[in-house]
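Chemist: query-v6.cif is the file, holding mmCIF, C-alpha atoms:
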```cif
data_entry
#
loop_
_atom_site.label_atom_id
_atom_site.label_comp_id
_atom_site.auth_asym_id
_atom_site.auth_seq_id
_atom_site.Cartn_x
_atom_site.Cartn_y
_atom_site.Cartn_z
CA MET S 1 0.00 0.00 0.00
CA ASN S 2 0.90 3.65 -0.38
CA ARG S 3 0.52 6.39 2.23
CA VAL S 4 -0.74 9.53 0.49
CA VAL S 5 -1.50 13.04 1.81
CA ARG S 6 -4.88 14.41 0.75
CA PHE S 7 -7.38 17.00 1.95
CA ALA S 8 -11.13 16.84 1.54
CA THR S 9 -11.85 20.51 2.13
CA PRO S 10 -9.56 23.56 1.69
CA ASP S 11 -9.24 24.38 5.39
CA GLY S 12 -5.47 24.79 5.55
CA PRO S 13 -2.75 22.43 6.79
CA ALA S 14 -4.93 21.14 9.65
CA ALA S 15 -7.20 19.51 7.05
CA LEU S 16 -4.41 17.35 5.60
CA ASP S 17 -5.03 13.65 6.05
CA ILE S 18 -2.89 10.56 5.41
CA ARG S 19 -4.71 7.86 3.43
CA GLN S 20 -3.78 4.31 2.54
CA GLU S 21 -4.11 3.76 -1.22
CA PRO S 22 -2.79 1.35 -3.85
CA ILE S 23 0.62 2.11 -5.33
CA PRO S 24 -0.08 3.89 -8.64
CA THR S 25 0.77 2.39 -12.03
CA PRO S 26 2.25 4.83 -14.57
CA SER S 27 0.57 5.38 -17.91
CA LEU S 28 2.44 5.92 -21.20
CA ALA S 29 4.39 9.08 -20.29
CA GLU S 30 4.42 8.86 -16.50
CA GLY S 31 6.70 7.51 -13.84
CA CYS S 32 6.19 6.31 -10.29
CA VAL S 33 8.85 7.52 -7.86
CA THR S 34 9.46 6.21 -4.35
CA ILE S 35 9.79 9.46 -2.41
CA GLU S 36 12.73 10.06 -0.04
CA ALA S 37 12.04 13.73 0.71
CA ALA S 38 9.65 16.43 -0.47
CA GLY S 39 9.86 20.21 -0.43
CA LEU S 40 7.19 22.38 1.17
CA ASN S 41 6.53 25.87 -0.16
CA ARG S 42 4.12 28.74 0.27
CA SER S 43 2.24 27.34 -2.72
CA GLU S 44 1.27 24.22 -0.73
CA TRP S 45 -0.02 26.40 2.11
CA LEU S 46 -2.09 28.49 -0.32
CA TYR S 47 -3.35 25.42 -2.17
CA SER S 48 -4.44 23.73 1.07
CA ARG S 49 -6.52 26.85 1.81
CA GLY S 50 -8.07 27.07 -1.68
CA GLU S 51 -6.12 30.28 -2.42
CA TYR S 52 -3.73 29.05 -5.12
CA LEU S 53 -3.93 29.43 -8.92
CA PHE S 54 -6.04 26.28 -9.26
CA GLU S 55 -9.10 25.33 -7.26
CA PRO S 56 -8.35 22.05 -5.44
CA PRO S 57 -10.64 19.18 -6.42
CA LYS S 58 -12.43 17.10 -3.82
CA ASP S 59 -9.96 14.87 -1.95
CA ALA S 60 -7.06 16.82 -3.43
CA LEU S 61 -3.51 15.59 -3.50
CA ILE S 62 -0.74 18.05 -2.60
CA GLY S 63 2.99 18.66 -3.10
CA ALA S 64 5.07 19.75 -6.09
CA GLU S 65 8.80 19.01 -5.61
CA ALA S 66 10.60 15.97 -4.30
CA THR S 67 13.39 13.47 -4.74
CA GLY S 68 13.52 9.69 -4.66
CA HIS S 69 14.15 6.61 -6.79
CA VAL S 70 12.28 5.48 -9.90
CA GLN S 71 10.00 2.59 -9.05
CA ALA S 72 8.26 2.14 -12.41
CA ILE S 73 8.01 3.91 -15.78
CA GLY S 74 5.45 3.99 -18.55
CA PRO S 75 6.19 2.35 -21.92
CA ASP S 76 6.88 5.70 -23.65
CA VAL S 77 9.40 6.93 -21.06
CA THR S 78 13.08 6.96 -22.03
CA GLY S 79 16.20 8.17 -20.28
CA PHE S 80 15.38 6.63 -16.90
CA ALA S 81 15.50 3.17 -15.41
CA VAL S 82 14.00 1.61 -12.32
CA GLY S 83 16.22 2.43 -9.35
CA ASP S 84 17.60 5.73 -10.73
CA ALA S 85 17.93 8.58 -8.20
CA VAL S 86 15.85 11.47 -9.54
CA CYS S 87 14.34 14.82 -8.67
CA ILE S 88 10.77 15.83 -9.42
CA LEU S 89 10.54 19.43 -10.58
CA PRO S 90 7.47 21.56 -9.74
CA ILE S 91 6.45 22.03 -13.37
CA PHE S 92 3.08 20.26 -13.44
CA ARG S 93 -0.40 21.33 -12.41
CA VAL S 94 -0.80 20.63 -8.72
CA ASP S 95 -4.42 19.65 -9.25
CA HIS S 96 -3.27 16.79 -11.53
CA TYR S 97 -0.20 15.36 -9.76
CA SER S 98 1.43 15.51 -6.33
CA VAL S 99 4.47 14.25 -4.44
CA LEU S 100 3.42 14.07 -0.78
CA ALA S 101 3.19 10.30 -0.79
CA GLU S 102 5.40 7.27 -0.31
CA HIS S 103 5.04 6.52 -4.03
CA ALA S 104 4.19 9.43 -6.34
CA LEU S 105 2.86 9.27 -9.87
CA VAL S 106 4.34 12.14 -11.93
CA PRO S 107 4.71 13.15 -15.58
CA ALA S 108 8.04 11.97 -16.98
CA THR S 109 8.73 15.51 -18.24
CA SER S 110 9.05 16.66 -14.61
CA VAL S 111 11.74 14.12 -13.72
CA ILE S 112 15.49 14.77 -13.96
CA PRO S 113 18.53 12.87 -12.64
CA ARG S 114 19.45 13.90 -9.10
CA PRO S 115 22.49 16.20 -9.33
CA LYS S 116 25.64 14.80 -7.77
CA GLY S 117 26.56 16.45 -4.48
CA LEU S 118 22.98 17.07 -3.31
CA ASP S 119 21.71 15.03 -0.38
CA PRO S 120 18.01 14.05 -0.42
CA LEU S 121 16.88 17.05 1.65
CA GLN S 122 18.70 19.52 -0.61
CA ALA S 123 17.57 17.71 -3.75
CA ALA S 124 13.95 17.84 -2.62
CA ALA S 125 13.76 21.50 -1.69
CA VAL S 126 15.90 23.44 -4.14
CA TRP S 127 13.75 23.58 -7.27
CA MET S 128 10.85 25.90 -6.49
CA GLY S 129 13.07 28.66 -5.14
CA PHE S 130 15.88 28.45 -7.67
CA ALA S 131 13.69 27.89 -10.75
CA THR S 132 11.48 30.84 -9.80
CA ALA S 133 14.45 33.12 -9.16
CA TYR S 134 16.24 31.99 -12.32
CA GLY S 135 13.16 32.61 -14.45
CA GLY S 136 12.69 36.10 -13.06
CA LEU S 137 16.34 37.12 -13.29
CA VAL S 138 17.68 35.32 -16.35
CA THR S 139 14.87 34.03 -18.55
CA TYR S 140 12.72 37.16 -18.31
CA GLY S 141 14.94 39.71 -16.55
CA GLY S 142 17.89 39.78 -18.92
CA LEU S 143 20.63 38.97 -16.40
CA ARG S 144 23.79 38.06 -18.33
CA PRO S 145 27.03 36.48 -17.07
CA GLY S 146 29.78 39.01 -16.47
CA ALA S 147 27.80 41.97 -17.82
CA GLY S 148 28.44 44.16 -14.77
CA GLN S 149 24.76 44.48 -13.95
CA ARG S 150 23.26 45.60 -10.65
CA VAL S 151 20.43 43.54 -9.17
CA LEU S 152 18.00 44.69 -6.51
CA VAL S 153 16.53 41.76 -4.57
CA SER S 154 13.57 42.74 -2.41
CA ALA S 155 12.37 40.50 0.42
CA ALA S 156 15.86 39.07 0.10
CA ALA S 157 15.66 36.72 3.10
CA SER S 158 12.71 34.86 1.56
CA SER S 159 12.80 31.41 -0.05
CA ILE S 160 13.11 33.11 -3.46
CA GLY S 161 15.39 35.94 -2.31
CA ILE S 162 18.32 33.80 -1.18
CA PRO S 163 18.42 31.84 -4.48
CA ALA S 164 18.10 35.16 -6.36
CA ILE S 165 21.19 36.50 -4.56
CA GLN S 166 23.17 33.35 -5.35
CA ILE S 167 22.12 33.30 -9.01
CA ALA S 168 22.95 36.99 -9.43
CA LYS S 169 26.37 36.52 -7.84
CA ASP S 170 26.98 33.51 -10.08
CA HIS S 171 26.42 35.94 -13.00
CA VAL S 172 28.95 38.34 -11.42
CA ALA S 173 26.30 40.98 -10.70
CA HIS S 174 26.42 43.59 -7.93
CA VAL S 175 23.61 42.63 -5.54
CA ILE S 176 21.64 45.05 -3.36
CA ALA S 177 19.38 43.18 -0.95
CA THR S 178 16.51 44.65 1.02
CA THR S 179 14.96 43.40 4.24
CA ARG S 180 12.71 44.86 6.93
CA SER S 181 14.73 43.35 9.78
CA THR S 182 18.20 44.25 11.06
CA ASP S 183 18.45 40.64 12.29
CA LYS S 184 18.76 39.45 8.68
CA ARG S 185 21.59 41.77 7.62
CA ASP S 186 24.38 39.28 8.39
CA GLN S 187 22.48 36.39 6.82
CA LEU S 188 22.10 38.31 3.55
CA SER S 189 25.74 39.37 3.51
CA GLU S 190 26.77 35.76 4.07
CA ALA S 191 24.48 34.72 1.19
CA GLY S 192 26.48 37.02 -1.10
CA ALA S 193 24.74 40.40 -1.08
CA ASP S 194 27.16 43.26 -1.74
CA GLU S 195 24.91 45.75 0.04
CA VAL S 196 22.01 45.23 2.45
CA VAL S 197 19.32 47.87 2.96
CA VAL S 198 17.14 47.53 6.07
CA THR S 199 14.02 49.31 4.85
CA ALA S 200 12.69 49.99 8.36
CA THR S 201 15.72 52.08 9.31
CA ASP S 202 17.98 52.83 6.31
#
```
In structure tokens, what does this structure look like?

Modeler:
Amino acid sequence: MNRVVRFATPDGPAALDIRQEPIPTPSLAEGCVTIEAAGLNRSEWLYSRGEYLFEPPKDALIGAEATGHVQAIGPDVTGFAVGDAVCILPIFRVDHYSVLAEHALVPATSVIPRPKGLDPLQAAAVWMGFATAYGGLVTYGGLRPGAGQRVLVSAAASSIGIPAIQIAKDHVAHVIATTRSTDKRDQLSEAGADEVVVTATD
């Protein structure tokens, strides 16, 4: 059997329930991954309250990023084999798939090999923050390696802010980070910010 997290009504995290269900069988372009660790993000909190981009269906599944080992693959899936260590990227509709389960059914297009050097906790929780920051800075924002750009990261101590600082520094940008709290100044400097502005006092 498979332990799966679901919620019947969008009443927040307190409504989450663990159910016993059969282990899912992948269809043509799906895989089933035995989950080692899963990331939790603000999106899960919003979804559990019915405040996300998609209305949760009745008895909704939940969870968008994780890591584990391939348990089974559909007949059209290539590039992976049973037993491979993989990461599940949060690039599917959360009302169609989920990862908060012992065995998660996911689209094969959301699965990549687990990068070397990442332990399961890191591999489970890195994708939402870094993919979001990368999209905003590089894909849409025009950040270029070594171009001498300046990047302002607001809410810099957030789960998107820290990856944004690291991505900007990797592109050799000058990073100005903002925060409301003096307590976070050292943390942001250690993360790579060249300047930290505490908006409540500076």

Chemist: What residues come out when you apply the PyMOL selection byres ((chain S and resi 111-122) around 12) to this file, written as a PyMOL selection string?

Modeler: chain S and resi 29-33+35-40+64-70+73+77-81+83-92+99+104-110+123-130

Chemist: What does the PyMOL selection byres ((chain S and resi 155) around 9) select in this file, as a list in words?

Modeler: Val153, Ser154, Ala156, Ala157, Ser158, Ile160, Gly161, Ala177, Thr178, Thr179 and Arg180 of chain S

Chemist: Which of these, S:Gly50, S:Pro163, S:Gly12, S:Pro57, has the shortest distance to Leu137 of chain S once you count all atoms listed in the file?

Modeler: S:Pro163

Chemist: Report, in Å with one decimal, the straight-line distance from atom CA of Ala200 of chain S to atom CA of Asp186 of chain S.

Modeler: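 It comes out at 15.9 Å.
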
Chemist: Quick one: distance from atom CA of Asp59 of chain S to atom CA of Gln20 of chain S in Å, one decimal?

Modeler: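 Those two atoms sit 13.0 Å apart.
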
Chemist: Could you list, as an MDAnalysis selection string, every residue matched by the PyMOL selection byres ((chain S and resi 141) around 12) in this structure?

Modeler: chainID S and resid 132:140 142:144 149:152 164 168

Chemist: May I ask for the distance between atom CA of Asp170 of chain S and atom CA of Ser43 of chain S, given in Å to one decimal place?

Modeler: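 Separation of atom CA of Asp170 of chain S and atom CA of Ser43 of chain S: 26.5 Å.
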
Chemist: Counting all atoms listed in the file, figure out which residue out of S:Ala173, S:Ile18, S:Val198, S:Ile165 gets nearest to Leu61 of chain S.

Modeler: S:Ile18

Chemist: List the residues sitting within 12 Å of (-3.5, 22.2, 4.4) in the file's frame, using all atoms listed in the file, as an MDAnalysis selection string.

Modeler: chainID S and resid 5:18 40:52 56 59:63 100

Chemist: Using C-alpha atoms, can you export the residues from the last selection as a PDB file, in the coordinates of the input?

Modeler:
```
ATOM      1  CA  VAL S   5      -1.500  13.040   1.810  1.00  0.00           C
ATOM      2  CA  ARG S   6      -4.880  14.410   0.750  1.00  0.00           C
ATOM      3  CA  PHE S   7      -7.380  17.000   1.950  1.00  0.00           C
ATOM      4  CA  ALA S   8     -11.130  16.840   1.540  1.00  0.00           C
ATOM      5  CA  THR S   9     -11.850  20.510   2.130  1.00  0.00           C
ATOM      6  CA  PRO S  10      -9.560  23.560   1.690  1.00  0.00           C
ATOM      7  CA  ASP S  11      -9.240  24.380   5.390  1.00  0.00           C
ATOM      8  CA  GLY S  12      -5.470  24.790   5.550  1.00  0.00           C
ATOM      9  CA  PRO S  13      -2.750  22.430   6.790  1.00  0.00           C
ATOM     10  CA  ALA S  14      -4.930  21.140   9.650  1.00  0.00           C
ATOM     11  CA  ALA S  15      -7.200  19.510   7.050  1.00  0.00           C
ATOM     12  CA  LEU S  16      -4.410  17.350   5.600  1.00  0.00           C
ATOM     13  CA  ASP S  17      -5.030  13.650   6.050  1.00  0.00           C
ATOM     14  CA  ILE S  18      -2.890  10.560   5.410  1.00  0.00           C
ATOM     15  CA  LEU S  40       7.190  22.380   1.170  1.00  0.00           C
ATOM     16  CA  ASN S  41       6.530  25.870  -0.160  1.00  0.00           C
ATOM     17  CA  ARG S  42       4.120  28.740   0.270  1.00  0.00           C
ATOM     18  CA  SER S  43       2.240  27.340  -2.720  1.00  0.00           C
ATOM     19  CA  GLU S  44       1.270  24.220  -0.730  1.00  0.00           C
ATOM     20  CA  TRP S  45      -0.020  26.400   2.110  1.00  0.00           C
ATOM     21  CA  LEU S  46      -2.090  28.490  -0.320  1.00  0.00           C
ATOM     22  CA  TYR S  47      -3.350  25.420  -2.170  1.00  0.00           C
ATOM     23  CA  SER S  48      -4.440  23.730   1.070  1.00  0.00           C
ATOM     24  CA  ARG S  49      -6.520  26.850   1.810  1.00  0.00           C
ATOM     25  CA  GLY S  50      -8.070  27.070  -1.680  1.00  0.00           C
ATOM     26  CA  GLU S  51      -6.120  30.280  -2.420  1.00  0.00           C
ATOM     27  CA  TYR S  52      -3.730  29.050  -5.120  1.00  0.00           C
ATOM     28  CA  PRO S  56      -8.350  22.050  -5.440  1.00  0.00           C
ATOM     29  CA  ASP S  59      -9.960  14.870  -1.950  1.00  0.00           C
ATOM     30  CA  ALA S  60      -7.060  16.820  -3.430  1.00  0.00           C
ATOM     31  CA  LEU S  61      -3.510  15.590  -3.500  1.00  0.00           C
ATOM     32  CA  ILE S  62      -0.740  18.050  -2.600  1.00  0.00           C
ATOM     33  CA  GLY S  63       2.990  18.660  -3.100  1.00  0.00           C
ATOM     34  CA  LEU S 100       3.420  14.070  -0.780  1.00  0.00           C
TER      35      LEU S 100
END
```

Chemist: Take segment 106-117 of chain S, bring it up to all heavy atoms, and give me the output as a PDB file, in the coordinates of the input.

Modeler:
```
ATOM      1  N   VAL S 106       3.995  10.820 -11.388  1.00  0.00           N
ATOM      2  CA  VAL S 106       4.340  12.140 -11.930  1.00  0.00           C
ATOM      3  C   VAL S 106       4.546  12.038 -13.431  1.00  0.00           C
ATOM      4  O   VAL S 106       4.877  10.963 -13.954  1.00  0.00           O
ATOM      5  CB  VAL S 106       5.603  12.722 -11.269  1.00  0.00           C
ATOM      6  CG1 VAL S 106       5.356  13.033  -9.794  1.00  0.00           C
ATOM      7  CG2 VAL S 106       6.787  11.797 -11.428  1.00  0.00           C
ATOM      8  N   PRO S 107       4.381  13.169 -14.161  1.00  0.00           N
ATOM      9  CA  PRO S 107       4.710  13.150 -15.580  1.00  0.00           C
ATOM     10  C   PRO S 107       6.211  12.995 -15.777  1.00  0.00           C
ATOM     11  O   PRO S 107       7.007  13.602 -15.045  1.00  0.00           O
ATOM     12  CB  PRO S 107       4.202  14.503 -16.079  1.00  0.00           C
ATOM     13  CG  PRO S 107       4.125  15.367 -14.873  1.00  0.00           C
ATOM     14  CD  PRO S 107       3.864  14.465 -13.709  1.00  0.00           C
ATOM     15  N   ALA S 108       6.612  12.206 -16.750  1.00  0.00           N
ATOM     16  CA  ALA S 108       8.040  11.970 -16.980  1.00  0.00           C
ATOM     17  C   ALA S 108       8.780  13.261 -17.315  1.00  0.00           C
ATOM     18  O   ALA S 108       9.977  13.380 -17.037  1.00  0.00           O
ATOM     19  CB  ALA S 108       8.220  10.951 -18.110  1.00  0.00           C
ATOM     20  N   THR S 109       8.088  14.239 -17.882  1.00  0.00           N
ATOM     21  CA  THR S 109       8.730  15.510 -18.240  1.00  0.00           C
ATOM     22  C   THR S 109       9.152  16.312 -17.009  1.00  0.00           C
ATOM     23  O   THR S 109       9.926  17.257 -17.134  1.00  0.00           O
ATOM     24  CB  THR S 109       7.779  16.368 -19.086  1.00  0.00           C
ATOM     25  OG1 THR S 109       6.519  16.476 -18.407  1.00  0.00           O
ATOM     26  CG2 THR S 109       7.562  15.756 -20.455  1.00  0.00           C
ATOM     27  N   SER S 110       8.667  15.946 -15.833  1.00  0.00           N
ATOM     28  CA  SER S 110       9.050  16.660 -14.610  1.00  0.00           C
ATOM     29  C   SER S 110      10.191  15.988 -13.866  1.00  0.00           C
ATOM     30  O   SER S 110      10.590  16.455 -12.799  1.00  0.00           O
ATOM     31  CB  SER S 110       7.837  16.787 -13.673  1.00  0.00           C
ATOM     32  OG  SER S 110       7.511  15.529 -13.106  1.00  0.00           O
ATOM     33  N   VAL S 111      10.724  14.913 -14.408  1.00  0.00           N
ATOM     34  CA  VAL S 111      11.740  14.120 -13.720  1.00  0.00           C
ATOM     35  C   VAL S 111      13.114  14.359 -14.354  1.00  0.00           C
ATOM     36  O   VAL S 111      13.260  14.322 -15.580  1.00  0.00           O
ATOM     37  CB  VAL S 111      11.391  12.620 -13.778  1.00  0.00           C
ATOM     38  CG1 VAL S 111      12.470  11.775 -13.116  1.00  0.00           C
ATOM     39  CG2 VAL S 111      10.044  12.375 -13.126  1.00  0.00           C
ATOM     40  N   ILE S 112      14.110  14.627 -13.501  1.00  0.00           N
ATOM     41  CA  ILE S 112      15.490  14.770 -13.960  1.00  0.00           C
ATOM     42  C   ILE S 112      16.399  13.936 -13.056  1.00  0.00           C
ATOM     43  O   ILE S 112      16.025  13.634 -11.921  1.00  0.00           O
ATOM     44  CB  ILE S 112      15.960  16.243 -13.965  1.00  0.00           C
ATOM     45  CG1 ILE S 112      15.996  16.807 -12.533  1.00  0.00           C
ATOM     46  CG2 ILE S 112      15.108  17.099 -14.882  1.00  0.00           C
ATOM     47  CD1 ILE S 112      16.724  18.132 -12.427  1.00  0.00           C
ATOM     48  N   PRO S 113      17.599  13.583 -13.523  1.00  0.00           N
ATOM     49  CA  PRO S 113      18.530  12.870 -12.640  1.00  0.00           C
ATOM     50  C   PRO S 113      18.893  13.749 -11.439  1.00  0.00           C
ATOM     51  O   PRO S 113      19.025  14.966 -11.562  1.00  0.00           O
ATOM     52  CB  PRO S 113      19.758  12.638 -13.521  1.00  0.00           C
ATOM     53  CG  PRO S 113      19.255  12.748 -14.923  1.00  0.00           C
ATOM     54  CD  PRO S 113      18.129  13.726 -14.879  1.00  0.00           C
ATOM     55  N   ARG S 114      19.044  13.142 -10.277  1.00  0.00           N
ATOM     56  CA  ARG S 114      19.450  13.900  -9.100  1.00  0.00           C
ATOM     57  C   ARG S 114      20.896  14.384  -9.284  1.00  0.00           C
ATOM     58  O   ARG S 114      21.789  13.580  -9.534  1.00  0.00           O
ATOM     59  CB  ARG S 114      19.360  13.039  -7.843  1.00  0.00           C
ATOM     60  CG  ARG S 114      19.684  13.832  -6.563  1.00  0.00           C
ATOM     61  CD  ARG S 114      19.832  12.930  -5.359  1.00  0.00           C
ATOM     62  NE  ARG S 114      18.592  12.258  -5.035  1.00  0.00           N
ATOM     63  CZ  ARG S 114      18.494  11.261  -4.144  1.00  0.00           C
ATOM     64  NH1 ARG S 114      19.558  10.835  -3.498  1.00  0.00           N
ATOM     65  NH2 ARG S 114      17.344  10.689  -3.907  1.00  0.00           N
ATOM     66  N   PRO S 115      21.124  15.695  -9.161  1.00  0.00           N
ATOM     67  CA  PRO S 115      22.490  16.200  -9.330  1.00  0.00           C
ATOM     68  C   PRO S 115      23.430  15.625  -8.279  1.00  0.00           C
ATOM     69  O   PRO S 115      23.067  15.481  -7.121  1.00  0.00           O
ATOM     70  CB  PRO S 115      22.328  17.721  -9.155  1.00  0.00           C
ATOM     71  CG  PRO S 115      20.893  17.990  -9.463  1.00  0.00           C
ATOM     72  CD  PRO S 115      20.151  16.781  -8.990  1.00  0.00           C
ATOM     73  N   LYS S 116      24.635  15.316  -8.707  1.00  0.00           N
ATOM     74  CA  LYS S 116      25.640  14.800  -7.770  1.00  0.00           C
ATOM     75  C   LYS S 116      25.952  15.900  -6.754  1.00  0.00           C
ATOM     76  O   LYS S 116      25.989  17.071  -7.075  1.00  0.00           O
ATOM     77  CB  LYS S 116      26.896  14.413  -8.533  1.00  0.00           C
ATOM     78  CG  LYS S 116      26.748  13.148  -9.352  1.00  0.00           C
ATOM     79  CD  LYS S 116      28.057  12.771  -9.994  1.00  0.00           C
ATOM     80  CE  LYS S 116      28.078  11.521 -10.788  1.00  0.00           C
ATOM     81  NZ  LYS S 116      26.967  10.796 -11.119  1.00  0.00           N
ATOM     82  N   GLY S 117      26.198  15.498  -5.522  1.00  0.00           N
ATOM     83  CA  GLY S 117      26.560  16.450  -4.480  1.00  0.00           C
ATOM     84  C   GLY S 117      25.389  16.965  -3.670  1.00  0.00           C
ATOM     85  O   GLY S 117      25.589  17.648  -2.670  1.00  0.00           O
TER      86      GLY S 117
END
```
